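Printed here is my_file.cif (mmCIF, C-alpha atoms and all ligand atoms):
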data_my_file
loop_
_atom_site.group_PDB
_atom_site.id
_atom_site.type_symbol
_atom_site.label_atom_id
_atom_site.label_comp_id
_atom_site.auth_asym_id
_atom_site.auth_seq_id
_atom_site.Cartn_x
_atom_site.Cartn_y
_atom_site.Cartn_z
ATOM 1 C CA MET A 6 70.988 -30.767 -92.498
ATOM 2 C CA PRO A 7 68.514 -31.302 -95.348
ATOM 3 C CA ILE A 8 64.941 -30.209 -94.787
ATOM 4 C CA ASN A 9 62.346 -32.649 -96.041
ATOM 5 C CA THR A 10 59.182 -31.410 -97.674
ATOM 6 C CA ARG A 11 57.028 -32.320 -94.688
ATOM 7 C CA SER A 12 59.165 -30.169 -92.403
ATOM 8 C CA LEU A 13 59.047 -27.326 -94.897
ATOM 9 C CA ARG A 14 55.286 -27.428 -94.929
ATOM 10 C CA ILE A 15 55.040 -27.621 -91.171
ATOM 11 C CA LEU A 16 57.589 -25.007 -90.307
ATOM 12 C CA GLY A 17 55.824 -22.401 -92.360
ATOM 13 C CA LEU A 18 52.379 -23.661 -91.387
ATOM 14 C CA LEU A 19 51.841 -23.674 -95.105
ATOM 15 C CA VAL A 20 48.762 -24.823 -96.848
ATOM 16 C CA LEU A 21 49.131 -27.790 -99.115
ATOM 17 C CA PRO A 22 50.654 -26.666 -102.407
ATOM 18 C CA LEU A 23 47.439 -27.803 -104.101
ATOM 19 C CA ALA A 24 45.419 -25.154 -102.316
ATOM 20 C CA ALA A 25 47.506 -22.336 -103.721
ATOM 21 C CA THR A 26 46.768 -23.283 -107.307
ATOM 22 C CA THR A 27 43.007 -23.572 -107.066
ATOM 23 C CA THR A 28 40.592 -20.762 -107.705
ATOM 24 C CA GLU A 29 38.545 -19.136 -105.012
ATOM 25 C CA GLY A 30 35.143 -20.561 -104.357
ATOM 26 C CA GLN A 31 35.803 -23.835 -106.102
ATOM 27 C CA THR A 32 33.417 -26.565 -105.079
ATOM 28 C CA HIS A 33 35.001 -29.095 -102.779
ATOM 29 C CA THR A 34 35.420 -32.543 -104.197
ATOM 30 C CA THR A 35 33.459 -34.124 -101.377
ATOM 31 C CA SER A 36 30.417 -33.040 -99.437
ATOM 32 C CA ARG A 37 31.371 -35.195 -96.492
ATOM 33 C CA ILE A 38 31.937 -33.417 -93.171
ATOM 34 C CA ILE A 39 35.305 -34.404 -91.755
ATOM 35 C CA VAL A 40 35.810 -34.521 -88.004
ATOM 36 C CA SER A 41 39.477 -34.646 -87.034
ATOM 37 C CA ARG A 42 39.362 -36.188 -83.567
ATOM 38 C CA ASN A 43 41.177 -34.657 -80.654
ATOM 39 C CA GLY A 44 44.348 -36.598 -79.955
ATOM 40 C CA MET A 45 44.446 -38.076 -83.471
ATOM 41 C CA ARG A 46 46.429 -35.219 -85.014
ATOM 42 C CA GLU A 47 50.127 -35.764 -84.888
ATOM 43 C CA ALA A 48 52.344 -33.100 -83.324
ATOM 44 C CA GLN A 49 55.684 -32.695 -85.088
ATOM 45 C CA PRO A 50 58.915 -31.403 -83.577
ATOM 46 C CA ALA A 51 59.487 -27.914 -84.955
ATOM 47 C CA PRO A 52 62.555 -27.895 -87.239
ATOM 48 C CA ARG A 53 65.809 -26.727 -85.664
ATOM 49 C CA GLU A 54 66.542 -24.557 -88.681
ATOM 50 C CA ARG A 55 63.615 -22.284 -87.917
ATOM 51 C CA PHE A 56 63.239 -22.517 -84.148
ATOM 52 C CA THR A 57 65.461 -22.218 -81.088
ATOM 53 C CA GLY A 58 64.741 -24.688 -78.298
ATOM 54 C CA VAL A 59 61.998 -27.302 -78.153
ATOM 55 C CA ALA A 60 58.714 -26.598 -79.928
ATOM 56 C CA ARG A 61 56.006 -28.828 -81.393
ATOM 57 C CA VAL A 62 53.624 -28.065 -84.226
ATOM 58 C CA SER A 63 50.252 -29.689 -84.831
ATOM 59 C CA PRO A 64 48.792 -28.487 -88.151
ATOM 60 C CA PHE A 65 45.021 -28.057 -88.347
ATOM 61 C CA PHE A 66 44.419 -28.642 -91.990
ATOM 62 C CA GLU A 67 47.067 -30.988 -93.292
ATOM 63 C CA SER A 68 45.279 -34.308 -93.201
ATOM 64 C CA GLN A 69 42.136 -33.384 -95.056
ATOM 65 C CA ALA A 70 41.079 -32.554 -98.552
ATOM 66 C CA ARG A 71 41.645 -28.831 -98.701
ATOM 67 C CA GLU A 72 41.054 -27.715 -102.278
ATOM 68 C CA GLY A 73 40.012 -24.102 -102.438
ATOM 69 C CA VAL A 74 40.584 -23.497 -98.722
ATOM 70 C CA ARG A 75 43.073 -20.713 -98.078
ATOM 71 C CA PRO A 76 43.571 -20.579 -94.286
ATOM 72 C CA SER A 77 46.628 -22.281 -92.883
ATOM 73 C CA GLY A 78 47.325 -22.877 -89.246
ATOM 74 C CA GLY A 79 48.005 -25.074 -86.306
ATOM 75 C CA VAL A 80 48.760 -25.321 -82.633
ATOM 76 C CA VAL A 81 52.346 -24.565 -81.630
ATOM 77 C CA THR A 82 53.688 -25.414 -78.173
ATOM 78 C CA PHE A 83 56.982 -23.855 -77.078
ATOM 79 C CA GLU A 84 58.885 -25.144 -74.063
ATOM 80 C CA ALA A 85 60.368 -22.465 -71.789
ATOM 81 C CA GLY A 86 63.002 -20.508 -73.711
ATOM 82 C CA ALA A 87 61.897 -21.783 -77.151
ATOM 83 C CA ARG A 88 61.049 -19.345 -79.952
ATOM 84 C CA THR A 89 60.734 -19.014 -83.690
ATOM 85 C CA ALA A 90 63.412 -17.376 -85.839
ATOM 86 C CA TRP A 91 62.703 -13.866 -87.105
ATOM 87 C CA HIS A 92 60.198 -14.020 -89.959
ATOM 88 C CA THR A 93 57.448 -12.254 -91.893
ATOM 89 C CA HIS A 94 54.049 -13.358 -93.203
ATOM 90 C CA PRO A 95 52.988 -12.098 -96.642
ATOM 91 C CA ARG A 96 49.317 -11.904 -95.577
ATOM 92 C CA GLY A 97 49.878 -11.385 -91.844
ATOM 93 C CA GLN A 98 49.206 -13.809 -89.022
ATOM 94 C CA THR A 99 46.867 -14.164 -86.047
ATOM 95 C CA LEU A 100 48.062 -15.825 -82.842
ATOM 96 C CA ILE A 101 45.618 -16.950 -80.149
ATOM 97 C CA VAL A 102 47.408 -17.734 -76.894
ATOM 98 C CA THR A 103 45.849 -20.747 -75.151
ATOM 99 C CA ALA A 104 48.285 -21.595 -72.332
ATOM 100 C CA GLY A 105 51.360 -20.415 -70.474
ATOM 101 C CA ILE A 106 53.302 -17.184 -70.830
ATOM 102 C CA GLY A 107 54.848 -16.107 -74.110
ATOM 103 C CA ARG A 108 56.508 -13.272 -75.925
ATOM 104 C CA VAL A 109 56.097 -11.578 -79.249
ATOM 105 C CA GLN A 110 58.467 -8.972 -80.632
ATOM 106 C CA ARG A 111 58.497 -6.723 -83.659
ATOM 107 C CA TRP A 112 61.931 -5.885 -85.058
ATOM 108 C CA GLY A 113 63.018 -2.607 -83.417
ATOM 109 C CA ASP A 114 60.536 -2.773 -80.523
ATOM 110 C CA PRO A 115 60.871 -4.408 -77.088
ATOM 111 C CA ALA A 116 59.323 -7.854 -76.723
ATOM 112 C CA GLU A 117 55.853 -7.958 -75.198
ATOM 113 C CA GLU A 118 54.461 -10.574 -72.847
ATOM 114 C CA ILE A 119 51.427 -12.521 -74.072
ATOM 115 C CA ARG A 120 49.080 -14.660 -72.005
ATOM 116 C CA PRO A 121 46.134 -17.048 -72.452
ATOM 117 C CA GLY A 122 43.199 -15.355 -74.147
ATOM 118 C CA ASP A 123 45.382 -12.711 -75.805
ATOM 119 C CA ILE A 124 44.936 -12.474 -79.572
ATOM 120 C CA VAL A 125 47.886 -11.078 -81.533
ATOM 121 C CA TRP A 126 47.642 -9.647 -85.063
ATOM 122 C CA ILE A 127 50.900 -9.436 -86.992
ATOM 123 C CA PRO A 128 50.445 -7.291 -90.108
ATOM 124 C CA PRO A 129 51.769 -8.418 -93.505
ATOM 125 C CA GLY A 130 55.515 -8.005 -93.989
ATOM 126 C CA VAL A 131 56.299 -7.127 -90.345
ATOM 127 C CA LYS A 132 59.499 -8.814 -89.148
ATOM 128 C CA HIS A 133 58.885 -10.512 -85.810
ATOM 129 C CA TRP A 134 59.247 -13.623 -83.673
ATOM 130 C CA HIS A 135 57.053 -15.361 -81.102
ATOM 131 C CA GLY A 136 57.685 -17.996 -78.470
ATOM 132 C CA ALA A 137 57.741 -18.909 -74.814
ATOM 133 C CA ALA A 138 58.940 -16.796 -71.900
ATOM 134 C CA PRO A 139 62.362 -17.774 -70.505
ATOM 135 C CA ASN A 140 60.811 -19.532 -67.489
ATOM 136 C CA ALA A 141 57.423 -20.689 -68.773
ATOM 137 C CA ALA A 142 56.079 -22.725 -71.676
ATOM 138 C CA MET A 143 53.509 -21.230 -74.051
ATOM 139 C CA THR A 144 50.961 -22.623 -76.493
ATOM 140 C CA HIS A 145 49.260 -20.645 -79.242
ATOM 141 C CA VAL A 146 47.046 -21.246 -82.229
ATOM 142 C CA ALA A 147 48.579 -19.675 -85.342
ATOM 143 C CA LEU A 148 46.457 -18.738 -88.364
ATOM 144 C CA ALA A 149 47.579 -17.262 -91.676
ATOM 145 C CA GLU A 150 46.570 -17.143 -95.327
ATOM 146 C CA ALA A 151 48.869 -18.055 -98.160
ATOM 147 C CA LEU A 152 50.017 -15.670 -100.886
ATOM 148 C CA ASP A 153 51.387 -17.430 -103.962
ATOM 149 C CA GLY A 154 51.549 -20.614 -101.885
ATOM 150 C CA ARG A 155 53.625 -19.087 -99.077
ATOM 151 C CA THR A 156 52.559 -18.158 -95.557
ATOM 152 C CA VAL A 157 55.969 -17.296 -94.114
ATOM 153 C CA ASP A 158 59.414 -15.998 -95.103
ATOM 154 C CA TRP A 159 62.141 -16.955 -92.658
ATOM 155 C CA GLU A 160 65.113 -14.861 -91.578
ATOM 156 C CA GLU A 161 67.845 -15.237 -88.941
ATOM 157 C CA GLN A 162 67.460 -16.873 -85.516
ATOM 158 C CA VAL A 163 66.659 -14.729 -82.467
ATOM 159 C CA SER A 164 69.977 -14.395 -80.607
ATOM 160 C CA ASP A 165 70.204 -15.255 -76.919
ATOM 161 C CA ALA A 166 71.127 -11.617 -76.231
ATOM 162 C CA LYS A 167 68.026 -10.258 -77.975
ATOM 163 C CA TYR A 168 65.852 -12.906 -76.328
ATOM 164 C CA ALA A 169 67.242 -12.062 -72.875
ATOM 165 C CA ALA A 170 66.337 -8.371 -73.175
ATOM 166 C CA PRO A 171 63.563 -7.360 -70.788
ATOM 167 C CA ALA A 172 60.023 -7.755 -72.120
ATOM 168 C CA ALA A 173 57.170 -5.379 -71.471
ATOM 169 C CA PRO A 174 54.698 -7.380 -69.389
ATOM 170 C CA GLY A 175 51.211 -7.903 -70.704
ATOM 171 C CA VAL A 176 48.200 -6.918 -68.651
ATOM 172 C CA ALA A 177 48.837 -8.171 -65.120
ATOM 173 C CA PRO A 178 46.246 -10.859 -64.392
ATOM 174 C CA LEU A 179 46.237 -10.306 -60.632
ATOM 175 C CA SER A 180 45.743 -6.585 -60.913
ATOM 176 C CA PRO A 181 42.410 -4.751 -60.897
ATOM 177 C CA ALA A 182 44.144 -2.427 -63.369
ATOM 178 C CA ALA A 183 43.861 -5.234 -65.876
ATOM 179 C CA SER A 184 40.139 -4.555 -66.092
ATOM 180 C CA GLY A 185 40.822 -0.945 -66.975
ATOM 181 C CA ALA A 186 39.682 0.408 -63.623
ATOM 182 C CA ALA A 187 42.755 1.778 -61.935
ATOM 183 C CA GLY A 188 44.322 3.594 -64.867
ATOM 184 C CA GLY A 189 46.879 0.864 -65.384
ATOM 185 C CA THR A 190 49.022 1.163 -68.456
ATOM 186 C CA ALA A 191 48.655 -2.204 -70.080
ATOM 187 C CA GLY A 192 51.874 -3.485 -71.571
ATOM 188 C CA ALA A 193 54.146 -1.276 -69.452
ATOM 189 C CA THR A 194 53.482 -2.280 -65.846
ATOM 190 C CA PRO A 195 55.038 -5.174 -63.931
ATOM 191 C CA SER A 196 52.709 -8.002 -62.979
ATOM 192 C CA ARG A 197 50.844 -7.680 -59.723
ATOM 193 C CA ALA A 198 53.035 -10.398 -58.245
ATOM 194 C CA GLN A 199 56.188 -8.555 -59.316
ATOM 195 C CA SER A 200 54.900 -5.309 -57.799
ATOM 196 C CA LEU A 201 53.885 -7.011 -54.570
ATOM 197 C CA MET A 202 57.009 -9.014 -53.857
ATOM 198 C CA GLY A 203 59.474 -8.784 -56.751
ATOM 199 C CA ASP A 204 61.915 -6.701 -54.688
ATOM 200 C CA ILE A 205 61.965 -8.928 -51.602
ATOM 201 C CA ALA A 206 61.057 -12.346 -53.004
ATOM 202 C CA PRO A 207 61.605 -12.354 -56.791
ATOM 203 C CA LYS A 208 61.418 -16.162 -56.917
ATOM 204 C CA LEU A 209 57.967 -16.163 -55.340
ATOM 205 C CA ALA A 210 56.858 -13.496 -57.839
ATOM 206 C CA GLN A 211 58.235 -15.588 -60.697
ATOM 207 C CA LEU A 212 56.561 -18.767 -59.398
ATOM 208 C CA THR A 213 53.284 -16.883 -59.024
ATOM 209 C CA ASP A 214 53.451 -15.669 -62.626
ATOM 210 C CA SER A 215 54.814 -18.783 -64.297
ATOM 211 C CA VAL A 216 53.373 -21.646 -62.230
ATOM 212 C CA LEU A 217 50.188 -20.300 -60.650
ATOM 213 C CA PHE A 218 49.011 -18.076 -63.523
ATOM 214 C CA GLY A 219 51.083 -19.531 -66.360
ATOM 215 C CA ASP A 220 50.253 -23.166 -65.639
ATOM 216 C CA VAL A 221 47.548 -23.861 -63.024
ATOM 217 C CA TRP A 222 45.194 -21.069 -64.123
ATOM 218 C CA ALA A 223 45.807 -21.987 -67.760
ATOM 219 C CA ARG A 224 44.872 -25.650 -67.385
ATOM 220 C CA PRO A 225 41.949 -26.503 -69.664
ATOM 221 C CA GLY A 226 40.255 -28.869 -67.182
ATOM 222 C CA LEU A 227 38.368 -26.000 -65.553
ATOM 223 C CA SER A 228 37.367 -22.711 -67.157
ATOM 224 C CA ARG A 229 38.926 -19.474 -65.904
ATOM 225 C CA ARG A 230 35.438 -18.428 -64.830
ATOM 226 C CA ASP A 231 35.023 -21.498 -62.646
ATOM 227 C CA ARG A 232 38.566 -21.156 -61.277
ATOM 228 C CA SER A 233 37.694 -17.597 -60.299
ATOM 229 C CA LEU A 234 34.553 -18.719 -58.471
ATOM 230 C CA ALA A 235 36.476 -21.406 -56.566
ATOM 231 C CA THR A 236 39.279 -18.984 -55.700
ATOM 232 C CA VAL A 237 36.949 -16.203 -54.558
ATOM 233 C CA SER A 238 35.060 -18.695 -52.366
ATOM 234 C CA ALA A 239 38.283 -19.892 -50.748
ATOM 235 C CA LEU A 240 39.447 -16.329 -50.059
ATOM 236 C CA ILE A 241 36.095 -15.454 -48.479
ATOM 237 C CA ALA A 242 36.313 -18.570 -46.302
ATOM 238 C CA MET A 243 39.839 -17.654 -45.179
ATOM 239 C CA ASN A 244 38.881 -13.998 -44.657
ATOM 240 C CA ARG A 245 41.666 -12.624 -46.886
ATOM 241 C CA PRO A 246 40.372 -9.224 -48.050
ATOM 242 C CA ASP A 247 43.646 -8.187 -49.759
ATOM 243 C CA GLN A 248 43.735 -11.182 -52.074
ATOM 244 C CA LEU A 249 39.946 -11.122 -52.412
ATOM 245 C CA ARG A 250 40.132 -7.571 -53.783
ATOM 246 C CA SER A 251 42.365 -8.675 -56.678
ATOM 247 C CA HIS A 252 40.414 -11.834 -57.306
ATOM 248 C CA LEU A 253 36.982 -10.184 -57.351
ATOM 249 C CA ALA A 254 38.300 -7.908 -60.125
ATOM 250 C CA LEU A 255 39.807 -10.872 -61.934
ATOM 251 C CA ALA A 256 36.535 -12.814 -61.559
ATOM 252 C CA LEU A 257 34.656 -9.989 -63.307
ATOM 253 C CA GLN A 258 37.219 -10.132 -66.141
ATOM 254 C CA ASN A 259 36.760 -13.887 -66.328
ATOM 255 C CA GLY A 260 33.019 -13.596 -66.856
ATOM 256 C CA VAL A 261 31.588 -14.026 -63.350
ATOM 257 C CA THR A 262 28.833 -11.411 -62.971
ATOM 258 C CA ARG A 263 28.399 -9.079 -59.983
ATOM 259 C CA GLU A 264 25.165 -10.841 -59.155
ATOM 260 C CA GLU A 265 26.901 -14.212 -59.133
ATOM 261 C CA LEU A 266 29.690 -12.905 -56.883
ATOM 262 C CA VAL A 267 27.076 -11.619 -54.420
ATOM 263 C CA GLU A 268 25.379 -15.027 -54.515
ATOM 264 C CA ALA A 269 28.727 -16.649 -53.758
ATOM 265 C CA ILE A 270 29.168 -14.355 -50.756
ATOM 266 C CA ILE A 271 25.695 -15.283 -49.474
ATOM 267 C CA GLN A 272 26.451 -18.964 -49.955
ATOM 268 C CA MET A 273 29.752 -18.641 -48.125
ATOM 269 C CA ALA A 274 28.075 -16.921 -45.172
ATOM 270 C CA PHE A 275 26.572 -20.294 -44.319
ATOM 271 C CA TYR A 276 29.701 -22.345 -44.901
ATOM 272 C CA SER A 277 32.449 -20.032 -43.677
ATOM 273 C CA GLY A 278 30.774 -17.637 -41.263
ATOM 274 C CA TRP A 279 28.757 -14.442 -41.266
ATOM 275 C CA PRO A 280 31.686 -12.112 -40.387
ATOM 276 C CA ASN A 281 33.689 -13.384 -43.378
ATOM 277 C CA ALA A 282 30.728 -12.686 -45.666
ATOM 278 C CA VAL A 283 30.302 -9.180 -44.256
ATOM 279 C CA THR A 284 33.974 -8.427 -44.870
ATOM 280 C CA ALA A 285 33.573 -9.752 -48.423
ATOM 281 C CA VAL A 286 30.575 -7.474 -49.019
ATOM 282 C CA GLY A 287 32.749 -4.485 -48.092
ATOM 283 C CA VAL A 288 35.495 -5.559 -50.468
ATOM 284 C CA ALA A 289 32.980 -6.229 -53.238
ATOM 285 C CA ARG A 290 31.514 -2.724 -52.803
ATOM 286 C CA GLU A 291 35.009 -1.224 -53.366
ATOM 287 C CA VAL A 292 35.771 -3.382 -56.391
ATOM 288 C CA PHE A 293 32.353 -2.868 -58.011
ATOM 289 C CA ALA A 294 32.777 0.904 -57.627
ATOM 290 C CA GLN A 295 36.165 0.809 -59.400
ATOM 291 C CA VAL A 296 35.316 -1.512 -62.258
ATOM 292 C CA PRO A 297 33.043 -0.076 -64.941
ATOM 293 C CA ARG A 298 30.091 -2.243 -65.864
HETATM 294 MN MN MN A 301 54.685 -15.328 -87.027
#
In structure tokens, write the structure found in this file.
Amino acid sequence: MPINTRSLRILGLLVLPLAATTTEGQTHTTSRIIVSRNGMREAQPAPRERFTGVARVSPFFESQAREGVRPSGGVVTFEAGARTAWHTHPRGQTLIVTAGIGRVQRWGDPAEEIRPGDIVWIPPGVKHWHGAAPNAAMTHVALAEALDGRTVDWEEQVSDAKYAAPAAPGVAPLSPAASGAAGGTAGATPSRAQSLMGDIAPKLAQLTDSVLFGDVWARPGLSRRDRSLATVSALIAMNRPDQLRSHLALALQNGVTREELVEAIIQMAFYSGWPNAVTAVGVAREVFAQVPR
């Protein structure tokens, strides 16, 4: 199947060829600020030659005058099971995960799970792939600079066998260890949900990871900080100290301060009952003692 030039540009997230031939620091031809409106940039299906499964690419820089601008990048959304082929970047690449659960793998190493907020640096010349987890979609921003007009060199597809190999989980979002408190070994431990119920109810663990944390918690309509505050409040109201323990630690990671958590407990005393608030104070004391400021 022939590859048209538009696909070629998109699949490599290449800069416009023009940009590669201009000198650094050249004055732009226009002084006009260009706002590219949300929803007005067209997402393209990722080309089958370079991806497995369904992925869409929305380039950041394609539509505008870009003389003298070297960064290249875009948003890439992978449906569950979708991934790039193996490839390298001559000047490296930065991935910023914005939704879902994904994987990244360096040739010769096990794949590693990546989650929203994770930032991945792939050094120049390192053979790798990135994409979604088998049961969850993933979206990332990809940024690279061109060398001699190229941002990527493609190699073979990632086989189903290689893709199916177990991945090292990223930092477990439910676990206080994720904040560095409990001596957790990030990148080598199962998720909190898998530890809690993976043996007895693996489907519930998978739904917790892929739907609750991979989808609901990743939705952009509410910040993770605000989701934490809502969740902590609900757990106080229901008097669920076990879940509250995990979620107080997660709330601190998500930017809710200790003082704000205490205020939430005080507030909830009046809406959910004094005994619930007292229990929450005890749990908060434990969590605050474990998590370094
Ligand atoms: Mn890459």
Of the residues A:Ser41, A:Ser215, A:Thr156, A:Ser233, which is the one nearest to ligand MN 301 (chain A), using all atoms listed in the file?
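Selected residue with least distance to ligand MN 301 (chain A): A:Thr156.
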Minimum-distance residue to ligand MN 301 (chain A), chosen among A:Gly105, A:Pro195, A:Pro207, A:Gly97 (using all atoms listed in the file)
A:Gly97
Spell out the residues picked by the PyMOL selection byres (((not hetatm)) within 8 of (chain A and resi 301)) here, as a PDB file with C-alpha atoms, in the frame of the given file.
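Produced file out-v6.pdb, reproduced below:
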ATOM      1  CA  THR A  89      60.734 -19.014 -83.690  1.00  0.00           C
ATOM      2  CA  HIS A  92      60.198 -14.020 -89.959  1.00  0.00           C
ATOM      3  CA  THR A  93      57.448 -12.254 -91.893  1.00  0.00           C
ATOM      4  CA  HIS A  94      54.049 -13.358 -93.203  1.00  0.00           C
ATOM      5  CA  GLY A  97      49.878 -11.385 -91.844  1.00  0.00           C
ATOM      6  CA  GLN A  98      49.206 -13.809 -89.022  1.00  0.00           C
ATOM      7  CA  THR A  99      46.867 -14.164 -86.047  1.00  0.00           C
ATOM      8  CA  LEU A 100      48.062 -15.825 -82.842  1.00  0.00           C
ATOM      9  CA  ILE A 127      50.900  -9.436 -86.992  1.00  0.00           C
ATOM     10  CA  HIS A 133      58.885 -10.512 -85.810  1.00  0.00           C
ATOM     11  CA  TRP A 134      59.247 -13.623 -83.673  1.00  0.00           C
ATOM     12  CA  HIS A 135      57.053 -15.361 -81.102  1.00  0.00           C
ATOM     13  CA  ALA A 147      48.579 -19.675 -85.342  1.00  0.00           C
ATOM     14  CA  VAL A 157      55.969 -17.296 -94.114  1.00  0.00           C
TER      15      VAL A 157
END
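Residues matched by the PyMOL selection byres (((chain A and resi 242) around 8) and not hetatm) in this structure: Ser238, Ala239, Leu240, Ile241, Met243, Asn244, Met273, Tyr276, Ser277, Gly278 and Asn281 of chain A.
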Picked residues, the PyMOL selection byres (((chain A and resi 219) around 12) and not hetatm), expected as a PyMOL selection string:
chain A and resi 85+102-107+118-122+137-138+140-144+177-179+210-218+220-225
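If you measure from each of A:Gln258, A:Val237, A:Ser63, A:Pro139 to Asp165 of chain A using all atoms listed in the file, the closest one turns out to be A:Pro139.
Our summary of the geometry notes that atom CA of Ser36 of chain A is positioned 20.5 Å from atom CA of Ser77 of chain A.
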Of the listed residues A:Ala198, A:Val40, A:Leu152, A:Ala116, that which approaches Pro129 of chain A most closely, counting all atoms listed in the file
A:Leu152
Correct to one decimal, the distance atom CA of Ala169 of chain A-atom CA of Gln49 of chain A is 26.6 Å
Among listed residues A:Val109, A:Ile101, A:Leu266, A:Val59, nearest Gly86 of chain A (using only C-alpha atoms)
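The closest residue to Gly86 of chain A is A:Val59.
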Set the distance at 12 Å and use only C-alpha atoms: which residues neighbour segment 245-254 of chain A once local chain neighbours fewer than 4 positions away are removed? I'd like the list as a ChimeraX atom specification.
/A:177-187,197-198,201,229-230,232-241,258-267,269-270,280-298
Hey, could you patch up segment 135-155 of chain A with N, CA and C atoms and hand it over as a JSON list (two decimals), in the coordinates of the input?
[["chain", "number", "residue", "atom", "x", "y", "z"],
["A", 135, "HIS", "N", 57.90, -15.06, -82.25],
["A", 135, "HIS", "CA", 57.05, -15.36, -81.10],
["A", 135, "HIS", "C", 57.53, -16.65, -80.46],
["A", 136, "GLY", "N", 57.25, -16.79, -79.17],
["A", 136, "GLY", "CA", 57.68, -18.00, -78.47],
["A", 136, "GLY", "C", 57.35, -17.92, -77.00],
["A", 137, "ALA", "N", 58.00, -18.80, -76.25],
["A", 137, "ALA", "CA", 57.74, -18.91, -74.81],
["A", 137, "ALA", "C", 58.54, -17.85, -74.05],
["A", 138, "ALA", "N", 58.14, -17.60, -72.81],
["A", 138, "ALA", "CA", 58.94, -16.80, -71.90],
["A", 138, "ALA", "C", 60.13, -17.64, -71.44],
["A", 139, "PRO", "N", 61.18, -17.00, -70.90],
["A", 139, "PRO", "CA", 62.36, -17.77, -70.50],
["A", 139, "PRO", "C", 62.07, -18.85, -69.46],
["A", 140, "ASN", "N", 61.08, -18.60, -68.59],
["A", 140, "ASN", "CA", 60.81, -19.53, -67.49],
["A", 140, "ASN", "C", 59.44, -20.19, -67.57],
["A", 141, "ALA", "N", 58.75, -20.09, -68.68],
["A", 141, "ALA", "CA", 57.42, -20.69, -68.77],
["A", 141, "ALA", "C", 57.16, -21.14, -70.21],
["A", 142, "ALA", "N", 56.49, -22.26, -70.35],
["A", 142, "ALA", "CA", 56.08, -22.72, -71.68],
["A", 142, "ALA", "C", 54.91, -21.87, -72.18],
["A", 143, "MET", "N", 54.63, -21.98, -73.48],
["A", 143, "MET", "CA", 53.51, -21.23, -74.05],
["A", 143, "MET", "C", 52.95, -22.02, -75.22],
["A", 144, "THR", "N", 51.62, -22.01, -75.35],
["A", 144, "THR", "CA", 50.96, -22.62, -76.49],
["A", 144, "THR", "C", 50.09, -21.58, -77.18],
["A", 145, "HIS", "N", 50.18, -21.51, -78.50],
["A", 145, "HIS", "CA", 49.26, -20.64, -79.24],
["A", 145, "HIS", "C", 48.74, -21.35, -80.49],
["A", 146, "VAL", "N", 47.57, -20.91, -80.91],
["A", 146, "VAL", "CA", 47.05, -21.25, -82.23],
["A", 146, "VAL", "C", 47.59, -20.19, -83.18],
["A", 147, "ALA", "N", 48.07, -20.61, -84.34],
["A", 147, "ALA", "CA", 48.58, -19.68, -85.34],
["A", 147, "ALA", "C", 47.75, -19.83, -86.61],
["A", 148, "LEU", "N", 47.28, -18.72, -87.15],
["A", 148, "LEU", "CA", 46.46, -18.74, -88.36],
["A", 148, "LEU", "C", 47.00, -17.74, -89.37],
["A", 149, "ALA", "N", 47.11, -18.16, -90.62],
["A", 149, "ALA", "CA", 47.58, -17.26, -91.68],
["A", 149, "ALA", "C", 46.95, -17.69, -93.00],
["A", 150, "GLU", "N", 46.99, -16.79, -93.98],
["A", 150, "GLU", "CA", 46.57, -17.14, -95.33],
["A", 150, "GLU", "C", 47.78, -17.12, -96.24],
["A", 151, "ALA", "N", 47.74, -17.96, -97.23],
["A", 151, "ALA", "CA", 48.87, -18.06, -98.16],
["A", 151, "ALA", "C", 48.76, -17.00, -99.25],
["A", 152, "LEU", "N", 49.92, -16.51, -99.70],
["A", 152, "LEU", "CA", 50.02, -15.67, -100.89],
["A", 152, "LEU", "C", 51.00, -16.36, -101.82],
["A", 153, "ASP", "N", 50.55, -16.68, -103.02],
["A", 153, "ASP", "CA", 51.39, -17.43, -103.96],
["A", 153, "ASP", "C", 51.95, -18.70, -103.31],
["A", 154, "GLY", "N", 51.15, -19.34, -102.48],
["A", 154, "GLY", "CA", 51.55, -20.61, -101.88],
["A", 154, "GLY", "C", 52.43, -20.49, -100.65],
["A", 155, "ARG", "N", 52.74, -19.26, -100.24],
["A", 155, "ARG", "CA", 53.62, -19.09, -99.08],
["A", 155, "ARG", "C", 52.89, -18.39, -97.95]]
